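**Student:** The file below is upload.cif, mmCIF, C-alpha atoms:
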data_data
loop_
_atom_site.label_atom_id
_atom_site.label_comp_id
_atom_site.auth_asym_id
_atom_site.auth_seq_id
_atom_site.Cartn_x
_atom_site.Cartn_y
_atom_site.Cartn_z
CA MET A 1 -18.75 -5.18 -16.43
CA GLU A 2 -21.55 -6.25 -14.13
CA GLN A 3 -20.91 -6.62 -10.41
CA GLU A 4 -20.68 -10.42 -10.65
CA GLN A 5 -18.14 -10.19 -13.46
CA ARG A 6 -15.95 -7.77 -11.52
CA LEU A 7 -15.93 -10.00 -8.46
CA ALA A 8 -15.10 -12.93 -10.71
CA VAL A 9 -12.08 -11.01 -12.05
CA ALA A 10 -10.85 -10.42 -8.50
CA ARG A 11 -11.28 -14.06 -7.57
CA GLN A 12 -9.60 -15.20 -10.78
CA ALA A 13 -6.57 -13.08 -9.89
CA LEU A 14 -6.46 -14.80 -6.52
CA ALA A 15 -6.82 -18.21 -8.12
CA ARG A 16 -3.97 -17.55 -10.57
CA ALA A 17 -1.72 -16.48 -7.73
CA GLU A 18 -2.65 -19.52 -5.64
CA ALA A 19 -2.06 -21.84 -8.57
CA THR A 20 1.38 -20.34 -9.13
CA ALA A 21 2.76 -20.51 -5.61
CA GLY A 22 0.16 -20.15 -2.91
CA LEU A 23 -0.56 -16.74 -1.51
CA HIS A 24 0.34 -17.13 2.14
CA ALA A 25 2.50 -20.21 1.89
CA THR A 26 5.32 -18.19 0.33
CA THR A 27 5.38 -15.37 2.87
CA THR A 28 7.85 -15.09 5.73
CA GLN A 29 5.28 -14.28 8.39
CA SER A 30 3.86 -16.59 11.02
CA ALA A 31 1.04 -16.12 13.48
CA GLY A 32 3.38 -14.70 16.10
CA ASP A 33 5.06 -12.13 13.87
CA PRO A 34 4.45 -8.44 14.69
CA GLY A 35 3.79 -7.49 11.06
CA TRP A 36 5.58 -6.58 7.85
CA HIS A 37 8.65 -4.42 8.25
CA VAL A 38 8.47 -0.81 7.09
CA PRO A 39 11.35 1.15 5.52
CA GLU A 40 13.86 1.80 8.31
CA PRO A 41 13.47 5.61 8.37
CA LEU A 42 9.73 5.21 9.10
CA ALA A 43 10.19 2.91 12.10
CA PRO A 44 9.95 5.75 14.68
CA LEU A 45 6.47 6.58 13.39
CA LEU A 46 5.17 3.17 12.31
CA THR A 47 6.87 0.13 13.77
CA ALA A 48 5.29 -2.38 11.36
CA LEU A 49 2.46 -2.96 8.91
CA THR A 50 0.01 -4.95 10.99
CA PRO A 51 -3.47 -6.11 9.90
CA GLY A 52 -5.99 -3.32 9.47
CA VAL A 53 -5.88 0.06 7.74
CA VAL A 54 -3.08 2.61 7.36
CA THR A 55 -3.95 5.91 5.68
CA VAL A 56 -1.29 7.71 3.68
CA THR A 57 -2.04 11.21 2.38
CA GLY A 58 0.06 13.63 0.40
CA ALA A 59 2.53 11.26 -1.31
CA THR A 60 1.86 8.14 -3.35
CA SER A 61 5.59 7.47 -3.08
CA LEU A 62 5.18 6.86 0.66
CA ALA A 63 2.42 4.30 0.08
CA LEU A 64 4.57 2.56 -2.53
CA ALA A 65 7.56 2.52 -0.19
CA LEU A 66 5.46 0.80 2.51
CA ALA A 67 4.06 -1.77 0.09
CA GLY A 68 7.48 -2.30 -1.47
CA ALA A 69 9.10 -3.09 1.87
CA ALA A 70 6.45 -5.74 2.57
CA SER A 71 6.70 -7.11 -0.98
CA ALA A 72 10.45 -7.54 -0.51
CA GLU A 73 9.67 -9.81 2.45
CA GLY A 74 7.35 -11.97 0.37
CA ALA A 75 3.99 -10.25 0.72
CA TRP A 76 1.40 -10.51 -2.03
CA VAL A 77 0.12 -7.08 -3.04
CA ALA A 78 -3.06 -5.95 -4.82
CA ALA A 79 -3.83 -2.48 -6.19
CA LEU A 80 -7.54 -1.64 -6.31
CA GLY A 81 -9.05 1.43 -7.95
CA MET A 82 -5.68 2.95 -8.91
CA PRO A 83 -5.75 3.01 -12.74
CA HIS A 84 -2.98 5.61 -13.01
CA LEU A 85 -0.48 3.88 -10.74
CA GLY A 86 2.97 3.94 -12.32
CA TRP A 87 4.24 0.37 -12.41
CA GLY A 88 7.78 1.44 -13.25
CA ALA A 89 7.86 3.53 -10.09
CA ALA A 90 6.21 0.72 -8.11
CA ALA A 91 8.99 -1.65 -9.11
CA GLU A 92 11.61 0.95 -8.16
CA TYR A 93 10.11 1.15 -4.68
CA GLY A 94 10.52 -2.61 -4.27
CA LEU A 95 7.23 -4.11 -5.42
CA ASP A 96 7.69 -7.55 -6.95
CA LEU A 97 5.35 -7.29 -9.93
CA ALA A 98 5.22 -11.09 -10.23
CA ARG A 99 3.35 -11.08 -6.90
CA THR A 100 1.26 -7.97 -7.55
CA ALA A 101 -2.27 -7.92 -9.00
CA THR A 102 -4.28 -4.92 -10.13
CA ILE A 103 -7.98 -4.20 -10.58
CA ALA A 104 -8.23 -0.70 -12.02
CA ASP A 105 -12.01 -0.35 -11.68
CA PRO A 106 -13.56 -1.75 -8.49
CA GLY A 107 -17.04 -1.57 -9.99
CA PRO A 108 -20.37 -0.49 -8.49
CA VAL A 109 -19.91 -2.46 -5.24
CA PRO A 110 -16.27 -1.82 -4.30
CA ALA A 111 -16.75 -3.08 -0.75
CA GLU A 112 -17.32 -6.61 -2.06
CA THR A 113 -14.29 -6.43 -4.33
CA LEU A 114 -12.10 -5.26 -1.45
CA ALA A 115 -13.47 -8.02 0.77
CA ALA A 116 -12.57 -10.61 -1.90
CA LEU A 117 -9.02 -9.28 -2.11
CA ALA A 118 -8.65 -9.34 1.68
CA ASP A 119 -9.18 -13.10 1.54
CA GLY A 120 -5.99 -13.67 -0.44
CA PHE A 121 -3.61 -10.71 -0.43
CA ASP A 122 -1.34 -9.50 2.36
CA ILE A 123 -1.17 -5.82 1.33
CA ILE A 124 -3.85 -3.91 -0.58
CA LEU A 125 -3.26 -0.47 -2.07
CA ALA A 126 -6.55 1.28 -2.76
CA GLY A 127 -7.76 4.51 -4.32
CA ASN A 128 -10.96 6.32 -3.42
CA LEU A 129 -13.59 3.57 -3.23
CA GLY A 130 -16.39 5.81 -1.95
CA LEU A 131 -17.19 3.58 1.03
CA THR A 132 -19.59 4.46 3.80
CA VAL A 133 -18.44 4.54 7.43
CA ARG A 134 -20.43 1.37 8.07
CA GLU A 135 -18.71 -0.39 5.16
CA GLU A 136 -15.31 0.76 6.36
CA ARG A 137 -15.84 -0.63 9.84
CA ARG A 138 -17.05 -3.95 8.49
CA LEU A 139 -14.14 -4.17 6.05
CA GLU A 140 -11.53 -3.23 8.65
CA ALA A 141 -12.76 -6.09 10.82
CA ARG A 142 -12.47 -8.43 7.83
CA LEU A 143 -8.95 -7.20 7.04
CA ARG A 144 -7.87 -7.89 10.60
CA SER A 145 -9.44 -11.34 10.63
CA ARG A 146 -7.66 -12.21 7.35
CA SER A 147 -4.30 -10.73 8.49
CA ALA A 148 -4.38 -8.25 5.59
CA THR A 149 -3.30 -4.59 5.57
CA LEU A 150 -4.98 -1.87 3.53
CA ILE A 151 -2.96 1.24 2.55
CA THR A 152 -5.17 4.01 1.24
CA GLU A 153 -5.61 7.77 1.22
CA HIS A 154 -9.37 7.64 1.64
CA TRP A 155 -10.59 6.09 4.91
CA GLN A 156 -12.85 8.05 7.24
CA THR A 157 -12.32 5.90 10.34
CA ALA A 158 -8.55 5.39 10.15
CA SER A 159 -6.67 5.12 13.44
CA ARG A 160 -3.15 4.99 11.91
CA PRO A 161 -2.77 8.07 9.68
CA LEU A 162 0.43 9.09 7.93
CA SER A 163 0.44 12.47 6.20
CA ALA A 164 3.28 13.71 4.01
CA THR A 165 4.27 16.95 2.38
CA CYS A 166 6.54 16.60 -0.62
CA GLU A 167 9.08 19.19 -1.72
CA PRO A 168 11.68 18.90 -4.51
CA VAL A 169 14.95 20.29 -3.16
CA GLY A 170 18.64 20.27 -3.97
CA CYS A 171 20.19 20.91 -7.37
CA SER A 172 23.44 19.81 -8.92
CA ASP A 173 24.35 21.09 -12.40
CA GLY A 174 20.74 22.09 -12.87
CA HIS A 175 19.35 18.66 -11.93
CA LEU A 176 17.17 17.73 -8.96
CA THR A 177 19.18 15.76 -6.39
CA HIS A 178 16.44 14.61 -4.03
CA ILE A 179 12.83 15.01 -2.92
CA ARG A 180 12.14 15.84 0.72
CA LEU A 181 9.19 14.30 2.54
CA VAL A 182 8.00 15.55 5.91
CA ILE A 183 5.94 12.69 7.32
CA ALA A 184 3.67 13.20 10.33
CA THR A 185 1.43 11.16 12.62
CA PRO A 186 -0.50 12.30 15.71
CA GLY A 187 2.53 11.16 17.73
CA GLY A 188 5.28 13.04 15.91
CA LYS A 189 6.95 13.73 12.60
CA LEU A 190 10.18 13.04 10.73
CA GLU A 191 11.89 14.14 7.57
CA CYS A 192 12.98 11.75 4.83
CA ARG A 193 14.26 12.10 1.31
CA ILE A 194 13.99 10.14 -1.91
CA ALA A 195 16.53 10.32 -4.71
CA PRO A 196 14.95 10.81 -8.14
CA GLU A 197 15.07 8.08 -10.75
CA GLY A 198 18.56 7.49 -12.08
CA LEU A 199 20.50 8.49 -8.98
CA ARG A 200 20.18 5.07 -7.34
CA PRO A 201 19.13 1.61 -8.54
CA SER A 202 15.90 1.93 -6.57
CA ARG A 203 14.02 4.71 -4.84
CA GLN A 204 14.46 4.28 -1.11
CA LEU A 205 13.55 6.50 1.81
CA GLN A 206 16.50 7.94 3.68
CA ALA A 207 16.32 9.70 7.01
CA VAL A 208 17.43 13.33 7.03
CA PRO A 209 19.12 14.51 10.25
CA SER A 210 17.22 17.29 11.96
#
Turn this file's structure into structure tokens for me.
**Tutor:**
Amino acid sequence: MEQEQRLAVARQALARAEATAGLHATTTQSAGDPGWHVPEPLAPLLTALTPGVVTVTGATSLALALAGAASAEGAWVAALGMPHLGWGAAAEYGLDLARTATIADPGPVPAETLAALADGFDIILAGNLGLTVREERRLEARLRSRSATLITEHWQTASRPLSATCEPVGCSDGHLTHIRLVIATPGGKLECRIAPEGLRPSRQLQAVPS
């Protein structure tokens, strides 16, 4: 696709969503709200998903858990440049797929595609878009002005980083019982766990006592 065609695809996705229900009219947030809630175990490290950029490295499951918590509150979510994202897993983490759009290939000018999505989506999950520092700063300002939050692993100027190490632990009758995540920010760290598929109706983060 040419650049113009790719941008048209992004805008068509927005138009379809608006025609169905209205992107922001269906959300539970108002101008005075502090942001979208995060999974309860993460609250000590990240109180809310507020407009701007949050980087998540080391565990796609953590990014999905953040987006899923916002989706459960009514947020509209877009996935950009993540062609291998598992939609079954996304749904298990709480993403409402009826309010989730995807653009697998952001095209030759990904900054413009991301800017278009920021105009209509509350939460944007993004892969490696190859942006310059100048583009990142311009886009972060746009995200804030549009009350949108970007969750991505690749952002050179991020001020809210979350890093995770993932370790499968615990066995029962030869089967994995949970996955341990150690999640860290510059201000501290905590340990959480996720039960593998089949042990609970949905994959949720649970705090692990230290």
**Student:** Could you spell out the hits of the PyMOL selection byres ((chain A and resi 98-103) around 7) on the shown file, as a PyMOL selection string?
**Tutor:** chain A and resi 13+76-81+96-97+104-106
**Student:** Which value, in Å to one decimal, gives the distance between CA of Asp122 (chain A) and CA of Thr149 (chain A)?
**Tutor:**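 Separation between CA of Asp122 (chain A) and CA of Thr149 (chain A): 6.2 Å.
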**Student:** Go through A:Arg137, A:Ser163, A:Pro110, A:Leu46 one by one, measure the shortest atom-to-atom distance of each to Ser61 (chain A) using only C-alpha atoms, and give the residue with the smallest value.
**Tutor:**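 Nearest to Ser61 (chain A): A:Ser163.
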**Student:** Counting all atoms listed in the file, which residue out of A:Leu117, A:Leu129, A:Ala91, A:Ala148 sits closest to Gly35 (chain A)?
**Tutor:**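 Using all atoms listed in the file, Gly35 (chain A) sits closest to A:Ala148.
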**Student:** Quick one: which residues end up in the PyMOL selection byres ((chain A and resi 118) around 10) for this structure, as a list of chain:residue names?
**Tutor:** A:Ala78, A:Glu112, A:Thr113, A:Leu114, A:Ala115, A:Ala116, A:Leu117, A:Asp119, A:Gly120, A:Phe121, A:Asp122, A:Ile123, A:Ile124, A:Leu139, A:Glu140, A:Arg142, A:Leu143, A:Arg144, A:Ser145, A:Arg146, A:Ser147, A:Ala148, A:Thr149, A:Leu150
**Student:** Would you kindly translate the PyMOL selection byres ((chain A and resi 186) around 9) into the concrete residues it picks from this file, as a list in words?
**Tutor:**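 After applying the PyMOL selection byres ((chain A and resi 186) around 9), what remains is Arg160, Pro161, Leu162, Ala184, Thr185, Gly187, Gly188 and Lys189 of chain A.
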**Student:** Export C-alpha atoms of the chosen residues as a JSON list (two decimals), in the frame of the given file?
**Tutor:**
[["chain", "number", "residue", "atom", "x", "y", "z"],
["A", 160, "ARG", "CA", -3.15, 4.99, 11.91],
["A", 161, "PRO", "CA", -2.77, 8.07, 9.68],
["A", 162, "LEU", "CA", 0.43, 9.09, 7.93],
["A", 184, "ALA", "CA", 3.67, 13.20, 10.33],
["A", 185, "THR", "CA", 1.43, 11.16, 12.62],
["A", 187, "GLY", "CA", 2.53, 11.16, 17.73],
["A", 188, "GLY", "CA", 5.28, 13.04, 15.91],
["A", 189, "LYS", "CA", 6.95, 13.73, 12.60]]
**Student:** Do you know which residues are at most 6 Å from Ile179 (chain A) counting only C-alpha atoms, after dropping those on the same chain fewer than 3 positions away, and could you put them as a list in words?
**Tutor:**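 What passes the distance filter is Glu167, Pro168, Val169, Arg193 and Ile194 of chain A.
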**Student:** How about saving the chosen residues, C-alpha atoms kept, as a PDB file, in the frame of the given file?
**Tutor:**
ATOM      1  CA  GLU A 167       9.080  19.190  -1.720  1.00  0.00           C
ATOM      2  CA  PRO A 168      11.680  18.900  -4.510  1.00  0.00           C
ATOM      3  CA  VAL A 169      14.950  20.290  -3.160  1.00  0.00           C
ATOM      4  CA  ARG A 193      14.260  12.100   1.310  1.00  0.00           C
ATOM      5  CA  ILE A 194      13.990  10.140  -1.910  1.00  0.00           C
TER       6      ILE A 194
END
**Student:** Kindly indicate which residue among A:Glu92, A:Glu40, A:Glu191, A:Glu153 lies nearest to Asn128 (chain A), using only C-alpha atoms for the distances.
**Tutor:**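 Selected residue with least distance to Asn128 (chain A): A:Glu153.
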**Student:** Rank A:His37, A:Ala90, A:Thr47, A:Val53 by their smallest atom-to-atom distance to Ala141 (chain A), using only C-alpha atoms, and report the top residue only.
**Tutor:**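 Using only C-alpha atoms, the shortest distance to Ala141 (chain A) belongs to A:Val53.
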**Student:** Grab the CA of Ser71 (chain A) to CA of Pro83 (chain A) distance for me, in Å with one decimal place.
**Tutor:**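 One can read the CA of Ser71 (chain A) to CA of Pro83 (chain A) distance as 19.9 Å.
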**Student:** Between A:Ala89, A:Val182, A:Ala70, A:Ala164, which residue has the minimum interatomic distance to Gly58 (chain A), considering all atoms listed in the file?
**Tutor:**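 Answer, going by the shortest atom-to-atom distance: A:Ala164.
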**Student:** Nearest residue to Thr152 (chain A) out of A:Glu135, A:Gly127, A:Leu66, A:Pro51, using only C-alpha atoms?
**Tutor:**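 Of all the options, A:Gly127 lies closest to Thr152 (chain A).
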**Student:** Could you jot down the CA of Trp155 (chain A) to CA of Glu136 (chain A) separation for me, Å, one decimal place?
**Tutor:**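 Interatomic distance, CA of Trp155 (chain A) to CA of Glu136 (chain A): 7.3 Å.
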**Student:** Write out as number ranges by chain each polymer residue whose atoms come within 7 Å of Gly94 (chain A), counting all atoms listed in the file; drop sequence neighbours fewer than 6 positions from it.
**Tutor:** A: 68-69, 71-72
